[in-house]
>>> print(open('upload.txt').read())   # compact mmCIF, C-alpha atoms and all ligand atoms
# COMPACT_ATOMS: atom_id res chain seq x y z
CA MET R 1 -99.53 -97.70 -29.25
CA LYS R 2 -102.76 -97.64 -31.25
CA ASP R 3 -103.99 -100.67 -29.31
CA MET R 4 -103.11 -99.00 -26.04
CA LEU R 5 -105.26 -96.00 -26.96
CA LYS R 6 -108.17 -98.26 -27.83
CA SER R 7 -107.77 -100.09 -24.52
CA LYS R 8 -107.81 -96.74 -22.72
CA PHE R 9 -111.07 -95.73 -24.45
CA VAL R 10 -112.65 -99.03 -23.40
CA GLY R 11 -111.12 -98.88 -19.90
CA CYS R 12 -112.60 -95.43 -19.39
CA LEU R 13 -116.19 -96.30 -20.29
CA VAL R 14 -116.16 -99.72 -18.64
CA GLY R 15 -114.40 -98.20 -15.61
CA ASN R 16 -117.16 -95.61 -15.32
CA ALA R 17 -119.84 -98.32 -15.29
CA VAL R 18 -117.95 -100.57 -12.86
CA GLY R 19 -117.35 -97.69 -10.42
CA ASP R 20 -121.02 -96.71 -10.64
CA ALA R 21 -122.19 -100.29 -10.07
CA LEU R 22 -119.82 -100.77 -7.12
CA GLY R 23 -120.99 -97.55 -5.52
CA SER R 24 -124.68 -97.97 -6.21
CA SER R 25 -125.37 -100.16 -3.19
CA PHE R 26 -123.63 -97.68 -0.89
CA GLU R 27 -125.09 -94.32 -2.09
CA GLY R 28 -125.79 -92.13 0.93
CA SER R 29 -123.76 -94.31 3.31
CA TRP R 30 -121.05 -93.19 5.71
CA ILE R 31 -117.38 -94.04 5.50
CA SER R 32 -116.62 -97.74 5.71
CA GLU R 33 -114.22 -100.44 4.76
CA VAL R 34 -115.96 -101.66 1.65
CA LYS R 35 -116.43 -105.39 1.34
CA ILE R 36 -117.89 -106.40 -1.99
CA GLU R 37 -119.46 -109.74 -1.26
CA ARG R 38 -121.34 -109.94 -4.51
CA PHE R 39 -120.96 -107.59 -7.46
CA SER R 40 -124.45 -106.94 -8.84
CA GLY R 41 -123.06 -105.18 -11.92
CA ARG R 42 -126.11 -102.89 -12.00
CA TRP R 43 -125.29 -99.31 -12.85
CA THR R 44 -127.40 -96.16 -12.46
CA ASP R 45 -128.20 -92.84 -14.17
CA ASP R 46 -124.50 -91.89 -14.15
CA THR R 47 -123.65 -94.61 -16.65
CA HIS R 48 -127.00 -94.40 -18.43
CA MET R 49 -126.26 -90.76 -19.30
CA MET R 50 -122.58 -91.47 -20.05
CA ILE R 51 -123.85 -93.98 -22.62
CA GLY R 52 -126.08 -91.25 -24.10
CA VAL R 53 -123.10 -88.91 -24.45
CA ALA R 54 -121.09 -91.63 -26.24
CA GLU R 55 -123.99 -92.61 -28.51
CA SER R 56 -124.48 -89.03 -29.62
CA LEU R 57 -120.76 -88.30 -30.18
CA ILE R 58 -120.54 -91.44 -32.32
CA ALA R 59 -123.68 -90.70 -34.37
CA ASN R 60 -122.56 -87.15 -35.16
CA LYS R 61 -118.78 -87.75 -35.21
CA GLY R 62 -118.69 -84.95 -32.67
CA PHE R 63 -121.02 -82.81 -30.58
CA ASP R 64 -124.59 -81.88 -31.51
CA GLY R 65 -126.47 -80.54 -28.48
CA SER R 66 -129.95 -80.96 -29.86
CA HIS R 67 -129.27 -84.57 -30.83
CA MET R 68 -127.66 -85.37 -27.48
CA ALA R 69 -130.67 -83.95 -25.64
CA GLN R 70 -132.99 -86.18 -27.68
CA ILE R 71 -130.86 -89.24 -26.89
CA PHE R 72 -130.93 -88.42 -23.15
CA ILE R 73 -134.71 -88.13 -23.32
CA LYS R 74 -135.15 -91.35 -25.28
CA ASN R 75 -132.89 -93.31 -22.92
CA TYR R 76 -134.55 -91.83 -19.83
CA GLU R 77 -138.06 -92.62 -21.06
CA ARG R 78 -137.09 -96.25 -21.67
CA GLU R 79 -135.52 -96.70 -18.23
CA PRO R 80 -136.68 -93.93 -15.89
CA TRP R 81 -135.98 -96.13 -12.85
CA ARG R 82 -132.20 -95.75 -12.96
CA GLY R 83 -132.01 -93.41 -9.97
CA TYR R 84 -132.15 -90.04 -11.70
CA ALA R 85 -132.24 -86.97 -9.45
CA SER R 86 -135.05 -84.45 -9.90
CA GLY R 87 -133.39 -81.94 -12.24
CA PRO R 88 -132.78 -83.85 -15.50
CA PRO R 89 -136.27 -85.43 -15.77
CA ARG R 90 -137.84 -81.99 -15.35
CA VAL R 91 -135.62 -80.59 -18.08
CA PHE R 92 -136.54 -83.52 -20.33
CA ARG R 93 -140.25 -82.80 -19.89
CA TRP R 94 -139.73 -79.12 -20.75
CA ILE R 95 -137.79 -79.99 -23.90
CA ARG R 96 -140.50 -82.49 -24.82
CA SER R 97 -143.10 -79.74 -24.50
CA GLY R 98 -141.21 -77.48 -26.93
CA VAL R 99 -138.59 -75.57 -24.92
CA ALA R 100 -135.23 -75.36 -26.76
CA TRP R 101 -132.55 -77.85 -25.60
CA ASN R 102 -130.21 -75.03 -24.59
CA GLU R 103 -132.89 -73.01 -22.74
CA ALA R 104 -134.71 -75.58 -20.62
CA ALA R 105 -132.02 -76.11 -17.93
CA LYS R 106 -132.00 -72.37 -17.16
CA ARG R 107 -135.33 -72.82 -15.43
CA LEU R 108 -133.98 -75.08 -12.69
CA PHE R 109 -133.37 -73.95 -9.11
CA GLY R 110 -135.06 -70.59 -9.39
CA GLY R 111 -133.19 -69.69 -12.54
CA ALA R 112 -129.72 -70.39 -11.10
CA GLY R 113 -129.34 -73.68 -12.93
CA SER R 114 -128.07 -76.90 -11.33
CA TYR R 115 -124.65 -77.37 -9.76
CA GLY R 116 -125.37 -81.06 -9.19
CA ASN R 117 -122.70 -83.48 -10.39
CA GLY R 118 -124.89 -84.78 -13.24
CA ALA R 119 -122.94 -83.03 -16.00
CA ALA R 120 -119.61 -84.34 -14.65
CA MET R 121 -120.73 -87.92 -13.94
CA ARG R 122 -121.50 -88.51 -17.65
CA VAL R 123 -118.73 -86.51 -19.33
CA ALA R 124 -116.04 -89.24 -19.65
CA PRO R 125 -116.60 -89.91 -23.39
CA VAL R 126 -115.86 -86.22 -24.06
CA GLY R 127 -112.58 -86.57 -22.15
CA VAL R 128 -111.38 -89.53 -24.18
CA PHE R 129 -112.68 -88.28 -27.53
CA TYR R 130 -111.09 -84.81 -27.24
CA HIS R 131 -108.05 -85.83 -25.18
CA ASP R 132 -105.69 -84.17 -27.67
CA ASP R 133 -107.68 -80.96 -28.24
CA LEU R 134 -108.10 -78.89 -25.09
CA GLU R 135 -110.14 -76.15 -26.67
CA GLN R 136 -112.71 -78.56 -28.07
CA LEU R 137 -112.68 -80.59 -24.87
CA ARG R 138 -113.63 -77.56 -22.82
CA SER R 139 -116.23 -76.34 -25.29
CA VAL R 140 -117.95 -79.74 -25.65
CA ALA R 141 -117.78 -80.41 -21.88
CA TYR R 142 -119.65 -77.11 -21.38
CA GLY R 143 -121.96 -77.78 -24.34
CA GLN R 144 -123.14 -81.15 -23.05
CA SER R 145 -123.58 -79.61 -19.57
CA ARG R 146 -125.90 -76.93 -20.94
CA ILE R 147 -128.56 -79.55 -21.65
CA THR R 148 -129.21 -80.03 -17.92
CA HIS R 149 -126.68 -78.08 -15.81
CA VAL R 150 -126.11 -74.39 -16.56
CA HIS R 151 -124.81 -73.29 -13.16
CA GLU R 152 -121.15 -72.27 -13.54
CA LEU R 153 -120.08 -74.76 -10.85
CA GLY R 154 -121.91 -77.63 -12.55
CA MET R 155 -120.38 -76.81 -15.93
CA GLU R 156 -116.88 -76.27 -14.57
CA GLY R 157 -116.99 -79.58 -12.70
CA ALA R 158 -117.75 -81.32 -16.00
CA ALA R 159 -114.86 -79.58 -17.79
CA ILE R 160 -112.40 -80.49 -15.00
CA GLN R 161 -113.56 -84.12 -14.93
CA ALA R 162 -113.22 -84.31 -18.75
CA TYR R 163 -109.71 -82.88 -18.55
CA ALA R 164 -108.73 -85.33 -15.79
CA VAL R 165 -109.86 -88.17 -18.08
CA ALA R 166 -107.85 -86.66 -20.95
CA LEU R 167 -104.71 -86.39 -18.80
CA ALA R 168 -105.16 -90.04 -17.80
CA VAL R 169 -105.51 -91.05 -21.47
CA THR R 170 -102.22 -89.38 -22.36
CA ALA R 171 -100.27 -90.70 -19.34
CA ASP R 172 -98.06 -93.77 -19.71
CA PRO R 173 -99.44 -96.37 -17.28
CA SER R 174 -96.13 -98.23 -17.09
CA SER R 175 -94.26 -95.33 -15.52
CA GLU R 176 -94.84 -93.56 -12.22
CA LEU R 177 -97.58 -90.94 -12.27
CA ASP R 178 -96.53 -87.45 -11.20
CA SER R 179 -99.58 -86.52 -9.09
CA HIS R 180 -98.37 -82.99 -8.50
CA ALA R 181 -97.86 -82.30 -12.20
CA PHE R 182 -101.32 -83.80 -12.90
CA LEU R 183 -102.90 -81.48 -10.33
CA GLY R 184 -100.89 -78.50 -11.53
CA ARG R 185 -102.30 -78.92 -15.02
CA LEU R 186 -105.86 -79.19 -13.71
CA LYS R 187 -105.35 -76.05 -11.64
CA ASP R 188 -104.00 -74.12 -14.62
CA PHE R 189 -106.92 -75.38 -16.72
CA THR R 190 -109.65 -73.94 -14.49
CA HIS R 191 -110.20 -70.28 -13.83
CA ASN R 192 -112.77 -70.95 -11.16
CA GLU R 193 -111.69 -70.07 -7.61
CA VAL R 194 -113.87 -72.69 -5.88
CA TYR R 195 -112.22 -75.48 -7.86
CA LYS R 196 -108.74 -73.99 -7.59
CA ARG R 197 -109.04 -74.05 -3.81
CA LYS R 198 -110.42 -77.58 -3.82
CA LEU R 199 -107.55 -78.78 -6.01
CA GLU R 200 -105.07 -77.19 -3.59
CA ARG R 201 -106.71 -79.22 -0.82
CA VAL R 202 -106.37 -82.37 -2.92
CA TRP R 203 -102.65 -81.63 -3.09
CA ARG R 204 -102.36 -81.13 0.69
CA LEU R 205 -104.35 -84.28 1.50
CA LEU R 206 -102.47 -86.71 -0.75
CA GLY R 207 -100.72 -88.36 2.21
CA GLU R 208 -103.71 -88.19 4.59
CA THR R 209 -104.68 -91.47 6.22
CA ASN R 210 -107.85 -90.28 7.98
CA LYS R 211 -110.75 -90.89 5.56
CA GLY R 212 -113.14 -88.80 7.62
CA ARG R 213 -110.89 -85.82 7.16
CA VAL R 214 -110.62 -86.44 3.41
CA ALA R 215 -114.41 -86.66 3.03
CA ARG R 216 -114.95 -83.57 5.18
CA GLU R 217 -112.38 -81.40 3.47
CA LEU R 218 -113.01 -82.44 -0.13
CA GLY R 219 -116.70 -83.32 0.16
CA ASN R 220 -118.56 -86.45 -0.90
CA GLY R 221 -121.89 -84.92 -1.85
CA VAL R 222 -124.09 -84.52 -4.89
CA GLU R 223 -122.72 -81.05 -5.75
CA ALA R 224 -120.12 -81.07 -8.54
CA TYR R 225 -117.57 -79.18 -6.41
CA ASN R 226 -118.03 -81.74 -3.60
CA SER R 227 -117.42 -84.76 -5.81
CA VAL R 228 -115.27 -84.01 -8.88
CA PRO R 229 -112.16 -82.99 -6.87
CA THR R 230 -112.80 -85.98 -4.59
CA ALA R 231 -112.82 -88.41 -7.54
CA ILE R 232 -109.57 -86.90 -8.83
CA TYR R 233 -108.14 -87.40 -5.34
CA CYS R 234 -109.29 -91.05 -5.23
CA PHE R 235 -107.52 -91.70 -8.51
CA LEU R 236 -104.31 -89.86 -7.59
CA ARG R 237 -103.76 -91.51 -4.24
CA ASN R 238 -104.40 -94.93 -5.80
CA TRP R 239 -102.99 -94.33 -9.27
CA GLY R 240 -101.22 -97.70 -9.35
CA SER R 241 -104.38 -99.84 -9.19
CA PHE R 242 -107.83 -99.57 -10.76
CA GLU R 243 -109.28 -101.78 -8.06
CA ASP R 244 -107.82 -99.78 -5.15
CA SER R 245 -108.97 -96.48 -6.64
CA VAL R 246 -112.64 -97.41 -7.00
CA LEU R 247 -112.85 -99.26 -3.68
CA TYR R 248 -111.29 -96.25 -1.96
CA ALA R 249 -113.82 -93.96 -3.70
CA VAL R 250 -116.78 -96.02 -2.52
CA SER R 251 -115.36 -96.25 1.01
CA LEU R 252 -115.57 -92.46 1.40
CA GLY R 253 -119.37 -92.74 1.58
CA GLY R 254 -121.83 -90.09 0.37
CA ASP R 255 -122.49 -89.99 -3.36
CA THR R 256 -120.67 -93.28 -3.84
CA ASP R 257 -122.03 -94.34 -7.24
CA THR R 258 -121.07 -91.00 -8.76
CA ILE R 259 -117.65 -90.62 -7.13
CA GLY R 260 -117.07 -94.29 -7.99
CA ALA R 261 -118.08 -93.68 -11.61
CA MET R 262 -115.88 -90.61 -12.02
CA THR R 263 -112.90 -92.29 -10.32
CA GLY R 264 -113.41 -95.43 -12.42
CA ALA R 265 -113.47 -93.38 -15.63
CA ILE R 266 -110.17 -91.64 -14.85
CA SER R 267 -108.49 -94.79 -13.56
CA GLY R 268 -109.78 -96.91 -16.46
CA ALA R 269 -108.51 -94.31 -18.92
CA HIS R 270 -105.12 -94.43 -17.22
CA HIS R 271 -104.63 -98.20 -17.08
CA GLY R 272 -106.70 -99.49 -19.98
CA VAL R 273 -109.41 -102.15 -19.82
CA GLU R 274 -107.04 -105.05 -19.04
CA ALA R 275 -106.47 -103.62 -15.55
CA ILE R 276 -110.14 -103.92 -14.59
CA PRO R 277 -110.71 -107.14 -12.63
CA GLU R 278 -112.34 -109.86 -14.71
CA ARG R 279 -114.91 -110.66 -12.01
CA TRP R 280 -116.27 -107.12 -12.35
CA LYS R 281 -116.10 -106.95 -16.13
CA SER R 282 -117.88 -110.26 -16.61
CA GLY R 283 -120.68 -109.34 -14.21
CA LEU R 284 -121.28 -105.89 -15.63
CA GLU R 285 -124.76 -105.12 -16.93
CA LYS R 286 -124.62 -104.54 -20.71
CA GLY R 287 -120.85 -104.77 -20.51
CA ASP R 288 -120.57 -105.88 -24.14
CA TYR R 289 -122.57 -102.90 -25.34
CA ILE R 290 -120.45 -100.45 -23.32
CA GLU R 291 -117.25 -101.97 -24.76
CA GLU R 292 -118.69 -101.79 -28.24
CA LEU R 293 -119.57 -98.11 -27.77
CA ALA R 294 -116.05 -97.32 -26.57
CA GLU R 295 -114.57 -99.12 -29.57
CA LYS R 296 -116.83 -97.20 -31.94
CA LEU R 297 -115.85 -93.93 -30.29
CA TRP R 298 -112.20 -94.86 -30.72
CA PHE R 299 -112.85 -95.81 -34.37
CA VAL R 300 -114.54 -92.46 -35.14
CA LYS R 301 -111.67 -90.68 -33.41
CA SER R 302 -108.99 -92.60 -35.30
CA ARG R 303 -110.62 -91.67 -38.65
CA LYS R 304 -110.77 -87.96 -37.85
O1 LIG B 1 -126.94 -83.37 -10.99
P1 LIG B 1 -128.01 -84.36 -11.08
O2 LIG B 1 -128.18 -85.10 -12.34
O3 LIG B 1 -127.83 -85.40 -9.90
C1 LIG B 1 -126.89 -86.39 -9.98
C2 LIG B 1 -127.00 -87.28 -8.79
C3 LIG B 1 -125.95 -88.36 -8.78
O4 LIG B 1 -125.65 -88.67 -7.44
C4 LIG B 1 -126.66 -89.52 -9.44
O5 LIG B 1 -126.08 -90.74 -9.05
C5 LIG B 1 -128.10 -89.37 -8.98
O6 LIG B 1 -128.34 -89.99 -7.76
O7 LIG B 1 -128.26 -87.97 -8.82
O8 LIG B 1 -129.43 -83.75 -10.69
P2 LIG B 1 -129.88 -82.31 -10.13
O9 LIG B 1 -131.27 -82.49 -9.66
O10 LIG B 1 -129.61 -81.27 -11.17
O11 LIG B 1 -128.91 -82.02 -8.90
C6 LIG B 1 -128.83 -82.90 -7.82
C7 LIG B 1 -129.07 -82.18 -6.51
O12 LIG B 1 -128.12 -81.15 -6.31
C8 LIG B 1 -130.40 -81.46 -6.42
O13 LIG B 1 -131.45 -82.34 -6.13
C9 LIG B 1 -130.13 -80.47 -5.32
O14 LIG B 1 -130.20 -81.09 -4.05
C10 LIG B 1 -128.68 -80.08 -5.56
N1 LIG B 1 -128.58 -78.82 -6.34
C11 LIG B 1 -128.90 -77.61 -5.90
N2 LIG B 1 -129.40 -77.21 -4.72
C12 LIG B 1 -129.65 -75.88 -4.55
N3 LIG B 1 -129.40 -74.97 -5.51
C13 LIG B 1 -128.15 -78.69 -7.59
N4 LIG B 1 -128.20 -77.38 -7.99
C14 LIG B 1 -128.65 -76.69 -6.95
C15 LIG B 1 -128.91 -75.29 -6.74
O15 LIG B 1 -128.69 -74.40 -7.58
MG MG B 2 -126.59 -92.58 -9.92
MG MG B 3 -124.90 -90.58 -7.31
>>> encode(input="upload.txt", output="structure tokens")
Amino acid sequence: MKDMLKSKFVGCLVGNAVGDALGSSFEGSWISEVKIERFSGRWTDDTHMMIGVAESLIANKGFDGSHMAQIFIKNYEREPWRGYASGPPRVFRWIRSGVAWNEAAKRLFGGAGSYGNGAAMRVAPVGVFYHDDLEQLRSVAYGQSRITHVHELGMEGAAIQAYAVALAVTADPSSELDSHAFLGRLKDFTHNEVYKRKLERVWRLLGETNKGRVARELGNGVEAYNSVPTAIYCFLRNWGSFEDSVLYAVSLGGDTDTIGAMTGAISGAHHGVEAIPERWKSGLEKGDYIEELAEKLWFVKSRK
């Protein structure tokens, strides 16, 4: 049982990176049957920031917002070419020039804060680490969002994605997944009407065969509310196979690296790392480091 939990931690972080790498060559595309001729293994900002979240949780044995912000900045400055959107780098510059880590993001988008999916695409380590403590999970999911995404919809997307990961960690992969119960718990978890309605649509669309309709009704964009429910959908309708879930996610087009990353994190947390195809694991950029991080996160958790 202990080994299964460790495998789920690793599956989640590696799954995130694999989904991101698979989707990265299709970002902005339209719906297609995805044929992966060659897996480049190169991941983008989604995984780069997920790594930052894990590094900071490990170093502090829990959440420290100021430390996590510094890690994000350090990682970004080393590799600014990873496909970051405009918001986070601006926030990083403000923090660098002396603005407090929990104030800077309030300046974005005319003071509204960002509802981009950046806080949700990196939140997976919070989901695995706090899978058995809902209150902490919600509070840390919001806390890590505040560094770059203070809009309610950006923050809520991160909390829902973290909870989906946590539900996947606690599910038994050898028995059938009850998709409706999974969705019911997510719906009870959020008090936000936009997400409640989206999760109801996920429910209604579970048997839908028309991908265009799925993408239209759930969204496949860069906004958290147009991608987090979609990733949950991709996992639920393909819960039996890691491979099917991420390929389906990428085939919906739009923000493919991000929806791929979020789907891969949930699916990897469900199945464990053994379920991720070897050809993807072996070709994954810094795969050993990501595995090592997940194992450290599991180790810190198991000593708590
Ligand atoms: O959320 P964020 O980190 O972007 C993540 C995306 C993923 O697809 C990554 O793979 C990478 O490609 O980027 O970055 P933000 O700049 O905070 O948000 C992304 C986009 O969402 C912005 O550029 C805006 O287009 C949109 N957006 C908003 N638009 C209007 N008003 C986010 N918040 C707002 C808003 O309040
Ligand atoms: Mg990206
Ligand atoms: Mg993206």
>>> atom_distance(input="upload.txt", atom1="atom CA of R:Val300", atom2="atom CA of R:Lys61")
6.3 Å
>>> atom_distance(input="upload.txt", atom1="atom CA of R:Ala171", atom2="atom CA of R:Thr230")
19.9 Å
>>> atom_distance(input="upload.txt", atom1="atom CA of R:Phe92", atom2="atom N4 of ligand LIG 1 (chain B)")
16.1 Å
>>> residues_near_ligand(input="upload.txt", ligand="ligand MG 3 (chain B)", cutoff="10 Å", atoms="all atoms listed in the file", output="list in words")
Asp20, Gly23, Ser24, Phe26, Glu27, Gly28, Thr44, Asp45, Asp46, Gly83, Tyr84, Ala85, Gly116, Asn117, Gly118, Met121, Asn220, Gly221, Val222, Glu223, Ser227, Gly254, Asp255, Thr256, Asp257, Thr258, Ile259, Gly260 and Ala261 of chain R
>>> closest_residue(input="upload.txt", among="R:Leu205, R:Ala119, R:Val246, R:Leu297", to="R:Pro277", atoms="all atoms listed in the file")
R:Val246
>>> residues_around(input="upload.txt", residues="R:Gln70", least_positions_apart="4", cutoff="9 Å", atoms="only C-alpha atoms", output="mmCIF file with C-alpha atoms, in the frame of the given file")
data_model
loop_
_atom_site.group_PDB
_atom_site.id
_atom_site.type_symbol
_atom_site.label_atom_id
_atom_site.label_comp_id
_atom_site.auth_asym_id
_atom_site.auth_seq_id
_atom_site.Cartn_x
_atom_site.Cartn_y
_atom_site.Cartn_z
ATOM 1 C CA GLY R 65 -126.470 -80.540 -28.480
ATOM 2 C CA SER R 66 -129.950 -80.960 -29.860
ATOM 3 C CA LYS R 74 -135.150 -91.350 -25.280
ATOM 4 C CA ASN R 75 -132.890 -93.310 -22.920
ATOM 5 C CA PHE R 92 -136.540 -83.520 -20.330
ATOM 6 C CA ILE R 95 -137.790 -79.990 -23.900
ATOM 7 C CA ARG R 96 -140.500 -82.490 -24.820
ATOM 8 C CA TRP R 101 -132.550 -77.850 -25.600
#
